[in-house]
Each structure stands twice: as C-alpha cells, then as structure tokens.
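Structure file start-v8.txt (compact mmCIF, C-alpha atoms) is printed below.
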# COMPACT_ATOMS: atom_id res chain seq x y z
CA MET S 266 131.96 103.08 71.09
CA SER S 267 129.03 101.74 73.06
CA PHE S 268 128.26 99.86 76.23
CA GLU S 269 129.12 96.23 76.83
CA PHE S 270 125.58 95.10 77.47
CA GLN S 271 124.42 92.13 79.48
CA GLU S 272 121.44 90.36 77.95
CA ILE S 273 118.42 90.16 80.23
CA PRO S 274 117.59 86.50 80.96
CA ARG S 275 114.58 85.10 79.09
CA VAL S 276 112.16 82.32 80.00
CA GLU S 277 108.91 81.18 78.43
CA ARG S 278 107.11 80.80 81.75
CA LEU S 279 107.85 80.86 85.48
CA SER S 280 106.13 79.37 88.51
CA VAL S 281 105.35 81.67 91.43
CA LYS S 282 108.08 80.01 93.48
CA GLN S 283 110.67 80.38 90.71
CA PHE S 284 109.85 84.05 90.16
CA LYS S 285 109.97 84.93 93.86
CA GLN S 286 113.19 83.01 94.58
CA GLU S 287 115.20 83.73 91.45
CA TYR S 288 114.11 87.27 90.52
CA LEU S 289 111.97 89.11 93.09
CA ALA S 290 114.07 88.16 96.13
CA LYS S 291 117.35 88.74 94.29
CA GLN S 292 116.05 91.88 92.53
CA LYS S 293 117.13 90.61 89.12
CA PRO S 294 115.38 91.45 85.82
CA VAL S 295 113.81 88.84 83.55
CA VAL S 296 111.73 88.67 80.37
CA ILE S 297 108.81 86.22 80.46
CA GLU S 298 107.85 85.50 76.87
CA LYS S 299 104.49 83.71 77.11
CA LEU S 300 102.82 85.18 80.18
CA THR S 301 100.01 86.89 78.23
CA GLU S 302 99.02 84.25 75.67
CA ASP S 303 95.72 83.50 77.46
CA TRP S 304 94.74 87.19 77.75
CA PRO S 305 92.16 88.59 75.31
CA ALA S 306 94.62 91.51 74.91
CA TYR S 307 97.13 89.14 73.29
CA SER S 308 95.00 88.94 70.14
CA LEU S 309 92.88 92.09 70.50
CA TRP S 310 95.29 94.88 71.39
CA ASN S 311 96.40 96.65 68.26
CA PHE S 312 96.07 100.22 67.01
CA GLU S 313 92.68 99.68 65.39
CA TYR S 314 91.25 98.22 68.59
CA ILE S 315 92.53 101.14 70.68
CA ARG S 316 91.16 103.57 68.08
CA GLU S 317 87.75 101.88 68.30
CA LYS S 318 87.61 101.78 72.09
CA ALA S 319 89.31 105.07 72.98
CA GLY S 320 89.52 107.19 69.81
CA ASP S 321 87.71 110.14 71.40
CA LYS S 322 89.85 110.30 74.55
CA VAL S 323 92.09 113.37 74.70
CA VAL S 324 95.54 112.09 75.65
CA PRO S 325 98.68 113.84 77.00
CA LEU S 326 101.74 113.70 74.74
CA TYR S 327 105.42 114.05 75.59
CA ASP S 328 108.50 114.67 73.44
CA ASN S 329 112.28 114.45 73.80
CA GLU S 330 112.92 118.10 74.68
CA PRO S 331 114.90 118.68 77.90
CA VAL S 332 113.07 119.83 81.01
CA LYS S 333 112.58 123.59 81.22
CA ALA S 334 112.15 125.66 84.36
CA GLU S 335 108.54 126.51 83.53
CA ASP S 336 107.57 122.85 83.10
CA GLY S 337 105.54 121.27 85.86
CA PHE S 338 106.20 117.76 87.17
CA ASN S 339 105.29 115.24 84.46
CA GLU S 340 103.68 118.00 82.38
CA PRO S 341 102.85 117.05 78.75
CA ARG S 342 103.95 119.09 75.74
CA THR S 343 100.55 118.90 74.06
CA LYS S 344 97.27 116.96 73.95
CA MET S 345 95.11 115.54 71.17
CA PRO S 346 92.38 112.91 70.64
CA MET S 347 93.72 109.36 70.67
CA ARG S 348 92.41 108.86 67.13
CA ASP S 349 94.51 111.74 65.80
CA TYR S 350 97.57 110.60 67.69
CA LEU S 351 97.34 107.06 66.29
CA ASP S 352 97.10 108.54 62.78
CA LEU S 353 100.23 110.56 63.51
CA LEU S 354 102.41 107.74 64.80
CA GLN S 355 101.33 105.40 61.98
CA SER S 356 102.16 108.03 59.35
CA GLY S 357 105.91 108.08 60.09
CA PRO S 358 108.55 108.71 62.78
CA THR S 359 107.53 111.08 65.60
CA ASP S 360 109.01 111.79 69.02
CA LEU S 361 105.56 112.42 70.51
CA ARG S 362 104.56 109.63 72.85
CA ILE S 363 102.04 108.73 75.52
CA PHE S 364 103.80 108.20 78.83
CA LEU S 365 102.44 106.88 82.14
CA TYR S 366 98.77 107.37 81.18
CA ASN S 367 95.91 105.48 82.83
CA LEU S 368 93.78 105.03 79.71
CA ILE S 369 92.32 101.81 81.10
CA ARG S 370 90.66 103.65 84.00
CA GLU S 371 88.88 105.89 81.48
CA THR S 372 88.01 103.04 79.09
CA PRO S 373 86.29 100.28 81.10
CA ASP S 374 86.08 97.93 78.11
CA LEU S 375 89.87 97.50 78.22
CA GLN S 376 89.73 96.23 81.81
CA GLN S 377 88.31 92.92 80.60
CA ASP S 378 91.24 92.26 78.27
CA TYR S 379 94.03 91.51 80.76
CA ALA S 380 94.59 89.86 84.15
CA TYR S 381 96.93 90.43 87.05
CA PRO S 382 99.37 87.52 86.78
CA ASP S 383 100.00 85.23 89.72
CA LEU S 384 103.62 86.03 90.53
CA GLY S 385 103.40 86.20 94.30
CA VAL S 386 103.21 90.01 94.54
CA LYS S 387 100.42 92.41 95.50
CA PHE S 388 99.75 94.60 92.49
CA LEU S 389 98.62 98.22 92.77
CA LYS S 390 95.40 97.55 90.90
CA GLY S 391 94.40 101.15 90.31
CA PHE S 392 97.44 102.00 88.21
CA PRO S 393 97.69 100.05 84.93
CA MET S 394 99.62 102.56 82.81
CA LEU S 395 99.77 102.65 78.99
CA PHE S 396 102.70 103.84 76.89
CA LEU S 397 102.55 104.50 73.13
CA GLY S 398 105.22 105.76 70.75
CA GLY S 399 106.10 106.05 67.07
CA GLU S 400 109.20 104.82 65.29
CA ASN S 401 112.37 106.06 67.08
CA ALA S 402 110.43 107.68 69.94
CA ARG S 403 112.52 107.51 73.12
CA VAL S 404 111.68 107.44 76.81
CA PHE S 405 114.49 109.26 78.65
CA MET S 406 116.61 107.35 81.16
CA HIS S 407 114.98 107.51 84.59
CA TYR S 408 113.78 105.40 87.49
CA ASP S 409 110.24 105.45 88.85
CA ILE S 410 109.62 107.90 91.66
CA ASP S 411 107.80 105.31 93.80
CA LEU S 412 110.55 102.67 93.36
CA ALA S 413 107.89 100.11 92.43
CA ASN S 414 108.51 96.67 90.98
CA ILE S 415 107.51 97.17 87.33
CA PHE S 416 105.95 94.54 85.07
CA HIS S 417 106.15 95.96 81.55
CA PHE S 418 103.99 94.19 78.94
CA HIS S 419 104.60 95.01 75.29
CA PHE S 420 102.03 94.89 72.48
CA VAL S 421 102.49 95.72 68.78
CA GLY S 422 105.88 96.15 67.13
CA GLU S 423 109.25 96.08 68.88
CA LYS S 424 110.89 98.12 71.63
CA ASP S 425 114.51 98.28 72.82
CA CYS S 426 115.02 98.48 76.59
CA ILE S 427 118.21 99.46 78.43
CA ILE S 428 118.10 99.09 82.21
CA VAL S 429 120.66 99.79 84.93
CA PRO S 430 120.63 98.50 88.54
CA PRO S 431 120.27 101.18 91.24
CA GLU S 432 123.62 100.28 92.80
CA GLN S 433 125.25 101.77 89.69
CA SER S 434 123.58 105.18 90.19
CA GLU S 435 126.88 106.88 91.10
CA ASN S 436 127.94 106.47 87.46
CA MET S 437 124.67 107.77 85.97
CA TYR S 438 125.19 111.56 86.23
CA LYS S 439 122.01 111.75 88.27
CA ILE S 440 120.27 115.13 88.55
CA PRO S 441 119.78 116.23 92.20
CA LEU S 442 116.23 116.20 93.59
CA SER S 443 114.98 114.18 90.63
CA VAL S 444 114.73 110.66 89.21
CA ILE S 445 116.51 111.41 85.91
CA CYS S 446 120.10 111.71 84.73
CA ARG S 447 121.63 114.27 82.36
CA GLU S 448 119.22 114.52 79.46
CA ASP S 449 122.03 115.20 76.97
CA ILE S 450 123.37 111.65 77.41
CA ASP S 451 122.61 109.54 74.34
CA PHE S 452 122.29 105.97 75.60
CA ASP S 453 122.27 104.65 72.02
CA ALA S 454 125.67 106.26 71.31
CA PRO S 455 127.23 107.42 74.60
CA ASP S 456 129.95 110.07 74.59
CA PHE S 457 132.52 108.49 76.92
CA LYS S 458 134.89 111.44 76.59
CA ARG S 459 132.33 113.89 77.92
CA PHE S 460 130.76 111.43 80.38
CA PRO S 461 133.63 109.10 81.37
CA LYS S 462 131.83 107.54 84.36
CA LEU S 463 129.44 105.85 81.93
CA GLN S 464 132.24 103.46 81.01
CA GLN S 465 131.88 101.89 84.45
CA LEU S 466 128.24 100.96 83.85
CA LYS S 467 127.19 97.36 83.29
CA PRO S 468 123.73 97.88 81.77
CA TYR S 469 121.26 95.23 80.66
CA LYS S 470 119.53 95.28 77.28
CA THR S 471 116.71 93.43 75.52
CA ARG S 472 114.27 93.87 72.65
CA LEU S 473 110.62 93.31 73.50
CA SER S 474 108.12 91.90 71.01
CA HIS S 475 104.36 91.35 71.11
CA GLY S 476 103.11 89.68 74.29
CA GLU S 477 106.42 89.71 76.16
CA MET S 478 106.80 91.02 79.71
CA LEU S 479 109.90 92.65 81.18
CA TYR S 480 110.24 92.61 84.97
CA MET S 481 112.23 95.62 86.24
CA PRO S 482 113.05 95.47 89.97
CA GLU S 483 112.78 98.33 92.44
CA GLY S 484 114.66 101.48 91.52
CA TYR S 485 116.10 100.20 88.24
CA TRP S 486 116.98 102.93 85.74
CA HIS S 487 115.33 102.36 82.36
CA TYR S 488 115.51 103.80 78.85
CA MET S 489 113.09 102.74 76.10
CA LYS S 490 113.25 103.22 72.34
CA TYR S 491 110.45 102.25 69.97
CA VAL S 492 112.01 100.39 67.05
CA THR S 493 108.61 100.46 65.35
CA PRO S 494 105.32 102.12 66.36
CA GLY S 495 103.94 100.25 69.33
CA PHE S 496 102.50 100.35 72.79
CA SER S 497 102.98 98.79 76.19
CA MET S 498 101.25 98.50 79.56
CA SER S 499 102.91 98.50 82.97
CA LEU S 500 101.58 96.96 86.15
CA ARG S 501 103.37 97.67 89.40
CA SER S 502 103.71 96.51 93.00
CA LEU S 503 105.03 98.34 96.05
CA PRO S 504 108.70 98.08 97.02
CA THR S 505 109.45 95.03 99.16
CA HIS S 506 112.52 96.55 100.82
CA LYS S 507 111.82 98.91 103.73
CA LEU S 508 114.57 101.34 102.71
CA HIS S 509 113.12 101.55 99.20
CA LEU S 510 109.65 102.21 100.60
CA ALA S 511 111.03 105.00 102.79
CA GLN S 512 112.86 106.47 99.80
CA ALA S 513 109.66 106.32 97.74
CA LEU S 514 107.74 108.24 100.41
CA TYR S 515 110.51 110.85 100.56
CA ASN S 516 110.50 111.18 96.75
CA LEU S 517 106.73 111.61 96.56
CA PHE S 518 106.08 113.88 99.53
CA ILE S 519 109.30 115.87 100.03
CA MET S 520 111.73 115.70 97.11
CA ARG S 521 109.45 116.54 94.21
CA HIS S 522 107.77 119.39 96.11
CA ALA S 523 111.13 120.87 97.14
CA ASP S 524 112.30 120.68 93.54
CA GLY S 525 109.11 122.32 92.30
CA MET S 526 109.45 125.15 94.81
CA LEU S 527 113.09 125.83 93.89
CA ARG S 528 112.23 125.73 90.18
CA LYS S 529 109.56 128.40 90.72
CA MET S 530 111.91 130.55 92.81
CA LEU S 531 115.07 130.29 90.70
CA GLY S 532 113.79 129.42 87.24
CA GLN S 533 116.30 128.19 84.65
CA LYS S 534 119.19 128.94 87.03
CA TRP S 535 118.00 126.00 89.15
CA ILE S 536 117.93 123.64 86.14
CA ASP S 537 121.41 124.77 85.07
CA TYR S 538 122.73 124.38 88.61
CA LYS S 539 121.40 120.83 88.89
CA ASN S 540 122.95 119.87 85.55
CA LYS S 541 126.29 121.24 86.76
CA CYS S 542 126.00 119.27 90.01
CA ALA S 543 125.36 116.07 88.06
CA MET S 544 128.68 116.52 86.25
CA GLN S 545 130.54 117.19 89.49
In structure tokens, how does this file's structure come out?
Amino acid sequence: MSFEFQEIPRVERLSVKQFKQEYLAKQKPVVIEKLTEDWPAYSLWNFEYIREKAGDKVVPLYDNEPVKAEDGFNEPRTKMPMRDYLDLLQSGPTDLRIFLYNLIRETPDLQQDYAYPDLGVKFLKGFPMLFLGGENARVFMHYDIDLANIFHFHFVGEKDCIIVPPEQSENMYKIPLSVICREDIDFDAPDFKRFPKLQQLKPYKTRLSHGEMLYMPEGYWHYMKYVTPGFSMSLRSLPTHKLHLAQALYNLFIMRHADGMLRKMLGQKWIDYKNKCAMQ
C-alpha cells in the first residue's frame, strides 16, 4: 500500500499577480515549468560545468543514516573535492549527497548564471543553496527550520518530491525539538501497520525535470528522491505570516540549542526518548 497522492498543480508561467493571489497568499504549492528558460544556467548547468567551475571545492556530504547522539546539527558524514564527488555519483547509485550548501557564494562565476525571479517576494539573496545527489539518493522528510518560502529549481536528471502541508503535522510522527519525523518511515513504501496515522495524510507529489521550479510554502514537509543523478538550487524568502516568523525565531535561537544541550547531556538516551515520544 501507498499514499493517495495529490498531484501538485503545474503551469508554464505565472504573472506576479497570479502567483501572489493563487499560491503565495493561499500557501499552496505549484510547479512553474518555464521560469528559467532565459537563465544562462538553463543551458550551462550540468555536471561538467560544475566540475570546471568548482572541481577543487571541498564539499560536505550527507547520507541516509539516522541521527546519532554524537552528531552535531546539520553535521556532514564526510567531505571530498567536488570533482571526486561528481565522479562518484556518475559512476553508479550512492546515498551520499550535497545538502543545503552555498557553493555559489564560494564560486562567484556561478552568480552570473541565474536571476531572482519577479514573483512579488523579497528573496534572501545571501542564501542560494545547492543540492546534489546520485541515483536513489534520498533527502529525509523534514521542514526547513526557518519556515521560509522555498523556490526549488531543478537541473539535470529527474527528482521525485513528496510534500505535506504543515497543518497535517499531527500525523507525521514528528520528533520533539526538531524539524524531522521518525527516520525509519519509508515514504516510498509506508508501513501503515506500524505507523497508522500516516493513513490520514494527504500528501502532494510531483517529478521535477530540468529547468522546472517547485514552490513549497512556509513550513511544508518535504522528501526528495533522485530518480537519476542530478542537482537543484533553492532560493528562499522569509515567512509572510507573523506566527511562522515567530516560530522560525524560536526554532533557530531556542529549540535547536536546547536540543543540542540535551543531546550532549543524555547522549543516545535523548535520541531514543524523542523517537518514543514521536510514536506516542
């Protein structure tokens, strides 16, 4: 058994007015298919181009292993030069991936290849984040700690995206003092007997291809799976809802530090306790 997915709406293009009225104001997701066709990145961004521009950069890599007590917040499993990582992901399936990495800040040439689209929002211009992964690499289900509006642009290959509105969080087996759910939930093949509340979810799903952009509203849960080796870039804007902005400040300045302190004090017992609480 699997979820009964809703397909994310798709449009070729949107005016500023249409985007703000139909999606931003209503906090509804959408895929815009032809937003990037006039960017240099549309034709330039492939693995060879990234290898040429950033092959020497040492990049952080993440895998699909569950969080351990000794892990720091957003701590990578390993690091290697971008050139070696690209060789690895093009050689076959790997769960190592680049996650939430500001390569563009370190590689000024890439800054000329894209533009901030006119969608009526104020983008956080210092945080264009890149994501790379090999075939079958997965990004665990989570929501962003700052509850930003996320504009996720995909380049090279295909990527499956499952997203869940924040109002369905009570059915997500959320881990306390975190922005993740139980890491042993397989969102490709959910175990409804073990996690019965998942049956109440009404998730969205889409498959992104080259040049397409997925808009994910504030606080949306999201899970990504690379169907083929590929990479994406996310731009973001601050939450528009005051309660979301307050929650983001709490997450950044109180929640994550409290969690880190308890993890240091209690070790694996704290991780096990939080997993138990998520089930309850």
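Distances here use all atoms listed in the file; by that measure, the residue among S:Arg370, S:Arg342, S:His419, S:Arg447 closest to Lys299 (chain S) is S:His419.
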> Can you tell me how far CA of Phe418 (chain S) sits from CA of Ala513 (chain S), in Å to one decimal?
Replying inline: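 Pair CA of Phe418 (chain S) / CA of Ala513 (chain S) returns 23.1 Å.
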> Contacts of Glu317 (chain S) at 12 Å or less, counting all atoms listed in the file, minus same-chain residues fewer than 3 places along, as a PyMOL selection string?
Replying inline: chain S and resi 309-314+320-322+347-348+351+372+374-375
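Picture a line from CA of Arg278 (chain S) to CA of Thr301 (chain S); it runs 10.0 Å.
Among the candidate residues S:Ala523, S:Gln286, S:Lys424, S:Lys462, the one lying nearest to Leu479 (chain S) is S:Lys424, with distances computed using all atoms listed in the file.
Relative to CA of Val276 (chain S), CA of Tyr307 (chain S) is found at 17.8 Å.
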> Counting only C-alpha atoms, which of S:Phe496, S:Pro305, S:Pro274, S:Gln533 gets nearest to Arg362 (chain S)?
Replying inline: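 Of S:Phe496, S:Pro305, S:Pro274, S:Gln533, the one nearest Arg362 (chain S), counting only C-alpha atoms, is S:Phe496.
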>> Using only C-alpha atoms, can you tell me which of S:Asn401, S:Asn540, S:Glu272, S:Pro358 comes closest to Ile450 (chain S)?
In response: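 Smallest distance to Ile450 (chain S) is found for S:Asn540.
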